[in-house]
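First the structure, in the form of structure tokens, and then the observations on it.
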4 protein chains.
Amino acid sequence: MATFVDLNSDMGESFGVYTLGHDADMLAIVSSANVACGFHAGDPLIMSETVTRARENRVDVGAHPSLHDLWGFGRRTIQGEPPEDIEKAVVYQIGALQAIAIHAGHRVTHVKTHGALGNMASADAALARAVARGVKLVDRDLIFVAIAGTELERAGAALDLRVAREVYADRTYQDNGLLTPRKQPGAVLHDAEPAARRVLQMVEEQAIRSVNGVKIPVKIDTICVHGDNPAAVGMARAVRDTLERAGITIRPMSQSIN
Amino acid sequence: MATFVDLNSDMGESFGVYTLGHDADMLAIVSSANVACGFHAGDPLIMSETVTRARENRVDVGAHPSLHDLWGFGRRTIQGEPPEDIEKAVVYQIGALQAIAIHAGHRVTHVKTHGALGNMASADAALARAVARGVKLVDRDLIFVAIAGTELERAGAALDLRVAREVYADRTYQDNGLLTPRKQPGAVLHDAEPAARRVLQMVEEQAIRSVNGVKIPVKIDTICVHGDNPAAVGMARAVRDTLERAGITIRPMSQSIN
Amino acid sequence: MATFVDLNSDMGESFGVYTLGHDADMLAIVSSANVACGFHAGDPLIMSETVTRARENRVDVGAHPSLHDLWGFGRRTIQGEPPEDIEKAVVYQIGALQAIAIHAGHRVTHVKTHGALGNMASADAALARAVARGVKLVDRDLIFVAIAGTELERAGAALDLRVAREVYADRTYQDNGLLTPRKQPGAVLHDAEPAARRVLQMVEEQAIRSVNGVKIPVKIDTICVHGDNPAAVGMARAVRDTLERAGITIRPMSQSIN
Amino acid sequence: MATFVDLNSDMGESFGVYTLGHDADMLAIVSSANVACGFHAGDPLIMSETVTRARENRVDVGAHPSLHDLWGFGRRTIQGEPPEDIEKAVVYQIGALQAIAIHAGHRVTHVKTHGALGNMASADAALARAVARGVKLVDRDLIFVAIAGTELERAGAALDLRVAREVYADRTYQDNGLLTPRKQPGAVLHDAEPAARRVLQMVEEQAIRSVNGVKIPVKIDTICVHGDNPAAVGMARAVRDTLERAGITIRPMSQSIN
């Protein structure tokens with residue numbers, strides 16, 4: 001039975017004078033931070049501050065690369081870029097964060113795609129392979145975070161990357177094991193305690209439970225939680241507390257993924 | 001007597017659909033390319049293309065970090081940023097290029113500041129130290145290119161970096177060893193052959209000759225040439241030919257700087 | 001029979017230090033210039049310079065609004081923006097150019113959507129209506145340039161805008177009157193003289209001729225020519241010369257559209 | 001004796017997903033809103049939303065043009081741009097807001113420079129004239145907001161613009177009538193009630209009181225208040241309440257400036 005799991009959250013998504021997210025709170029909850037690299041949010045100062053605070057909290061950092069879309073926060077699907085071009089943009093962002101991390105006395109241990117890039121690559125095998133290839137060529141030891149059952153997971157496995165399979169604390173699943181699309185009713189969970197109990201069940205069973213109760217076995221390496229608003233922080237805290245009370249240790253994926 | 005020297009030129013300064021510079025021509029002339037990192041010019045695609053072509057031409061690549069100023073091509077002095085903030089922006093850019101280079105089968109061997117950042121850091125000891133510290137913390141083996149006699153050179157030496165002292169093929173010098181300001185008459189040389197002969201004299205004497213004929217001894221590691229327009233390419237070609245005819249080998253600074 | 005027609009070309013697509021297009025040559029050929037407004041190309045300086053030169057050449061200027069995508073030159077389809085949001089971005093760009101034109105002693109007389117925005121709005125009725133509504137609310141006298149047969153044309157007509165129907169000098173047409181998609185063979189004409197003769201035929205017949213010879217009647221108000229490269233400039237010159245030799249006067253659409 | 005005055009505040013300084021300022025609260029307090037135009041903050045959507053809410057609250061809107069510096073929020077001094085270039089950037093921003101306002105059923109009645117641009121133009125006669133000329137050429141009826149005693153005020157007067165003289169609710173003044181530089185102790189007032197009483201005294205006396213008690217007569221047309229944080233909103237509310245209790249009507253500068 002699982003005795004440990006990673007909690008990850010997006011961080012460093014402020015920009016210039018603009019502040020976003022409750023990073024300080026989240027650093028006391030999660031074991032891995034996905035750090036924005038300047039393409040959808042973040043800038044060198046915010047990246048350095050985020051990595052420094054993560055190091056002080058013994059939280060691992062990963063690159064959170066995005067399409068180049070500051071205005072749209074990386075959430076807009078942009079068509080017409082060949083996968084090999086997006087691959088280079090991902091490589092650029094990983095490298096930028098690696099140097100910022102080294103400079104701040106920390107190191108990058110994982111990569112998780114952001115927003116529209118993540119959605120596109122989850123469904124597009126060629127794009128997923130390009131992203132995975134970019135990660136591998138920069139550093140084959142980087143952990144590749146992927147939603148279980150997606151093209152990203154397959155691409156990471158095909159390239160022999162260290163793949164971390166991820167489930168979402170606040171999203172429901174369909175019978176095929178994929179996330180319920182956001183537009184459908186019931187796609188997002190809003191209450192902290194039921195969400196936390198569901199996470200515990202998933203971790204203990206090492207399986208996703210679909211909205212119809214179907215049990216889909218999956219090795220769960222990391223749980224995605226959010227820190228955008230106080231309610232999200234509350235849910236993240238509940239997830240951690242519930243897991244710890246059940247004897248599950250929260251620890252960075254870098255200590256668990258081979 | 002010197003038997004070798006490096007020739008460096010800025011490259012990869014296109015952006016998106018916009019093309020700038022005669023990079024293909026220059027890669028056949030220089031031994032080191034200073035590659036724009038996206039802050040004043042360049043983007044991940046152009047950086048990757050530039051590094052790949054440099055590798056194929058056996059040309060070394062260095063990061064060419066800038067203030068964040070695409071519209072102004074990094075030429076505008078921007079005030080009000082503390083040195084430690086600019087340091088992080090430099091670190092970001094170096095890391096981005098390092099990853100792009102690794103991905104393309106090459107590696108970054110030097111750093112040379114661009115435009116207004118170079119001018120500001122040449123004259124401001126605190127900023128120069130911050131830039132040098134950023135370089136050192138990312139990779140202490142990176143060669144730090146500095147105009148002889150500037151704060152950048154002093155900062156690099158103070159931090160025990162590998163410093164490459166640079167002279168300009170197309171710029172004249174004052175009696176104090178510093179560049180004649182661009183606004184003064186005679187600051188810039190336009191004719192290829194006299195410029196090439198002057199470079200040869202400087203390399204053979206290992207000294208700068210001021211506009212008044214004063215001889216200022218300096219170890220010359222690298223000559224900066226330009227590829228912005230056909231005349232500049234012609235001068236660069238003349239410099240290389242003249243040096244080689246005199247028995248001077250053109251080779252990357254990474255092979256000469258300890 | 002038609003005795004006049006407008007020639008339009010995109011201009012002012014430089015940015016900062018980057019130069020694109022042969023604007024000076026084209027200003028001697030066309031009667032209407034579509035001026036980039038800073039979202040895919042152009043900046044206040046280039047816009048002002050372009051408008052000033054157009055005024056001196058008695059060339060009309062129009063706004064050439066785009067999706068916000070400098071890196072992609074406005075050519076990438078960006079999904080997820082509601083039409084009413086794009087409407088505001090179009091309004092912003094028109095206003096910016098209007099003020100620049102007034103400041104330079106000229107005035108904006110038409111609007112033509114750029115790149116991906118034009119393609120998206122040509123095919124999407126809701127987006128086309130939003131763009132047309134934005135144009136109308138800013139200034140109901142602005143001429144709305146639309147490819148004949150598209151949703152843009154229908155939206156302009158539905159809102160009682162002054163619509164200018166446009167054909168392309170260098171593109172072929174399908175039997176349904178729409179452009180042959182670029183990816184298909186034969187979509188683009190490369191030779192100046194045949195292209196010019198075809199334009200003359202279309203203007204004289206006031207009809208499009210499809211690749212299969214089908215004749216589709218359409219009132220032709222303006223011909224789009226390009227100035228990206230010397231060959232394109234040559235074709236534009238040939239189009240003008242051929243039309244003038246046949247007795248067709250080249251004059252701005254603002255003098256013809258009611 | 002004065003029986004009315006304008007209250008102005010910067011608004012619409014959010015960007016994309018990022019929110020800044022308490023605009024809804026401030027729209028119930030001020031009579032004039034200075035709306036960011038996309039160069040330091042704001043985008044077409046936020047501009048349109050801000051102008052619409054201002055119209056609903058019967059608040060006047062003005063353009064708040066800035067240097068092009070989103071990352072630095074327009075607060076960084078950028079050197080090396082000739083005044084005539086900055087003039088065009090100001091023109092661009094005014095026009096963009098004018099169209100957004102027309103589209104939203106409102107209209108632009110004033111212009112107030114932002115941040116570093118305001119500071120630079122306040123002290124530099126050539127730049128101040130360029131900004132004033134840009135405003136005048138776009139629309140000679142636009143009110144030109146200037147801190148009393150600055151080059152901006154002189155430039156506006158010299159060009160016969162309608163000039164609104166402005167004092168700050170939260171800043172102290174030197175004996176020469178200019179603001180105490182921010183770096184000096186006592187430059188900024190933090191307590192709402194004393195600040196409000198001081199504003200009332202200035203309006204009643206139509207004079208600035210320096211930190212040393214020197215009385216400098218000045219026609220006060222508008223008071224600048226801030227809405228960045230709850231304390232600032234509280235001060236703005238106190239200023240309005242104190243003025244109204246003393247019988248001073250808060251009304252837009254457009255109703256008072258000839």
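The chains in the structure tokens are called A, B, ... from first to last as shown; in each chain the residues are counted from 1, and the ligands are counted from 1 in the order shown.
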Within 7 Å of stretch 169-185 of chain B using only C-alpha atoms, minus same-chain residues under 3 positions, as an NGL selection string:
:B and (149 or 188-190 or 195 or 199 or 208-212 or 214 or 216 or 223-225)
Would you kindly report the residues of chain B within 7 Å of chain D, using only C-alpha atoms, as JSON, numbers by chain?
{"B": [76, 77, 78, 79, 80]}
Give me the residues near B:Gly95 as a list in words, where near means some atom within 7 Å (using only C-alpha atoms) and where sequence neighbours in that chain fewer than 3 positions away do not count.
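Final neighbour list, sorted by chain and number: Gly95, Ala96, Gln98 and Ala99 of chain A; Val91, Tyr92, Gln98 and Ala99 of chain B.
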Leaving out D:Arg129 and any residue of its chain fewer than 4 positions from it, which residues lie within 8 Å of it when counting only C-alpha atoms, given as a list of chain:residue names?
D:Ala125, D:Arg133, D:Leu152, D:Ala155, D:Gly156
Restricting the output to N, CA and C atoms, write the selected residues as a PDB file, in the first residue's frame.
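Saved as selection-v7.pdb:
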ATOM      1  N   ALA D 125      11.590  70.446 -20.494  1.00  0.00           N
ATOM      2  CA  ALA D 125      10.733  71.356 -21.262  1.00  0.00           C
ATOM      3  C   ALA D 125      10.460  70.820 -22.666  1.00  0.00           C
ATOM      4  N   ARG D 133       1.975  69.028 -27.430  1.00  0.00           N
ATOM      5  CA  ARG D 133       1.689  69.143 -28.866  1.00  0.00           C
ATOM      6  C   ARG D 133       0.914  67.924 -29.367  1.00  0.00           C
ATOM      7  N   LEU D 152       5.314  70.638 -17.529  1.00  0.00           N
ATOM      8  CA  LEU D 152       4.065  70.214 -18.177  1.00  0.00           C
ATOM      9  C   LEU D 152       3.033  71.338 -18.120  1.00  0.00           C
ATOM     10  N   ALA D 155       4.116  73.992 -20.595  1.00  0.00           N
ATOM     11  CA  ALA D 155       3.926  73.579 -21.998  1.00  0.00           C
ATOM     12  C   ALA D 155       2.446  73.650 -22.381  1.00  0.00           C
ATOM     13  N   GLY D 156       1.584  73.205 -21.490  1.00  0.00           N
ATOM     14  CA  GLY D 156       0.154  73.258 -21.767  1.00  0.00           C
ATOM     15  C   GLY D 156      -0.313  74.694 -21.967  1.00  0.00           C
TER      16      GLY D 156
END
Do you know which residues are at most 12 Å from D:Val30 counting only C-alpha atoms, after dropping those on the same chain fewer than 4 positions away, and could you put them as an NGL selection string?
:D and (5-11 or 23-26 or 34 or 54 or 57-61 or 222-227 or 233 or 235-241 or 249-253)
List every residue of stretch 19-254 of chain A that DSSP, applied to the backbone of this structure, places in helix (DSSP H, G or I), and write the result as number ranges by chain.
A: 23-27, 44-56, 83-103, 115-123, 125-138, 151-158, 192-205, 230-245, 253-254
Measure the distance from atom CA of D:Leu200 to atom CA of D:Ala246 in Å and round it to one decimal.
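Going from atom CA of D:Leu200 over to atom CA of D:Ala246 covers 7.9 Å.
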Quick one: residues within 9 Å of C:Arg140, only C-alpha atoms counted, chain neighbours fewer than 3 positions away excluded, as a PyMOL selection string?
chain C and resi 135-137+143+160-162
Within 7 Å of stretch 15-19 of chain A, counting only C-alpha atoms, which residues qualify if same-chain residues fewer than 4 places away don't, as a VMD selection string?
(chain A and resid 41 to 43) or (chain D and resid 18 20 71 to 73)
Emit the selected residues as a tab-separated table (two decimals), in the first residue's frame, including all heavy atoms.
chain	number	residue	atom	x	y	z
A	41	ALA	N	3.35	33.78	-17.37
A	41	ALA	CA	3.41	34.50	-16.09
A	41	ALA	C	4.84	34.37	-15.60
A	41	ALA	O	5.63	33.62	-16.16
A	41	ALA	CB	2.44	33.88	-15.08
A	42	GLY	N	5.15	35.11	-14.53
A	42	GLY	CA	6.49	35.03	-13.98
A	42	GLY	C	7.46	35.92	-14.73
A	42	GLY	O	7.24	36.28	-15.89
A	43	ASP	N	8.51	36.29	-14.05
A	43	ASP	CA	9.63	37.02	-14.66
A	43	ASP	C	10.86	36.62	-13.85
A	43	ASP	O	10.73	35.92	-12.84
A	43	ASP	CB	9.36	38.53	-14.66
A	43	ASP	CG	9.17	39.12	-13.27
A	43	ASP	OD1	9.94	38.77	-12.36
A	43	ASP	OD2	8.24	39.92	-13.09
D	18	TYR	N	-4.62	39.53	-14.39
D	18	TYR	CA	-4.14	40.21	-13.19
D	18	TYR	C	-5.02	41.40	-12.81
D	18	TYR	O	-5.35	42.23	-13.65
D	18	TYR	CB	-2.72	40.72	-13.41
D	18	TYR	CG	-1.71	39.63	-13.64
D	18	TYR	CD1	-1.12	39.45	-14.89
D	18	TYR	CD2	-1.32	38.78	-12.61
D	18	TYR	CE1	-0.19	38.45	-15.11
D	18	TYR	CE2	-0.39	37.77	-12.83
D	18	TYR	CZ	0.18	37.62	-14.08
D	18	TYR	OH	1.10	36.63	-14.29
D	20	LEU	N	-5.59	44.78	-10.37
D	20	LEU	CA	-4.90	45.79	-9.55
D	20	LEU	C	-5.88	46.92	-9.26
D	20	LEU	O	-6.59	47.39	-10.14
D	20	LEU	CB	-3.70	46.35	-10.32
D	20	LEU	CG	-2.68	47.11	-9.49
D	20	LEU	CD1	-1.75	46.13	-8.77
D	20	LEU	CD2	-1.84	48.01	-10.39
D	71	TRP	N	6.38	45.51	-18.01
D	71	TRP	CA	7.06	44.82	-16.93
D	71	TRP	C	7.31	45.77	-15.76
D	71	TRP	O	7.18	45.40	-14.60
D	71	TRP	CB	8.36	44.20	-17.42
D	71	TRP	CG	9.00	43.25	-16.47
D	71	TRP	CD1	8.41	42.64	-15.39
D	71	TRP	CD2	10.35	42.79	-16.47
D	71	TRP	NE1	9.30	41.82	-14.76
D	71	TRP	CE2	10.50	41.90	-15.39
D	71	TRP	CE3	11.45	43.04	-17.29
D	71	TRP	CZ2	11.71	41.26	-15.11
D	71	TRP	CZ3	12.65	42.39	-17.02
D	71	TRP	CH2	12.78	41.50	-15.94
D	72	GLY	N	7.70	47.00	-16.07
D	72	GLY	CA	8.05	47.96	-15.03
D	72	GLY	C	6.89	48.86	-14.64
D	72	GLY	O	7.07	49.80	-13.88
D	73	PHE	N	5.69	48.57	-15.17
D	73	PHE	CA	4.49	49.35	-14.85
D	73	PHE	C	4.70	50.83	-15.17
D	73	PHE	O	4.12	51.72	-14.54
D	73	PHE	CB	4.14	49.15	-13.36
D	73	PHE	CG	2.70	49.49	-13.02
D	73	PHE	CD1	1.65	48.75	-13.52
D	73	PHE	CD2	2.41	50.57	-12.19
D	73	PHE	CE1	0.33	49.07	-13.20
D	73	PHE	CE2	1.10	50.89	-11.87
D	73	PHE	CZ	0.05	50.15	-12.37
Give me, as a PyMOL selection string, the residues of stretch 6-92 of chain C that a backbone DSSP run labels strand (DSSP E or B).
chain C and resi 6-11+15+18+32-36+60-64+78
Restricting the calculation to only C-alpha atoms, which member of D:Arg55, D:Ile94, D:Gln201, D:Gly12 is positioned closest to D:Ala28?
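Closest to D:Ala28 of all the choices is D:Arg55.
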What gap, in Å, lies between atom CA of B:Pro65 and atom CA of B:Gly118?
9.0 Å
Enter the distance from atom CA of A:Glu244 to atom CA of A:Ala36, in Å, rounded to one decimal.
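These atoms are spaced 28.1 Å apart.
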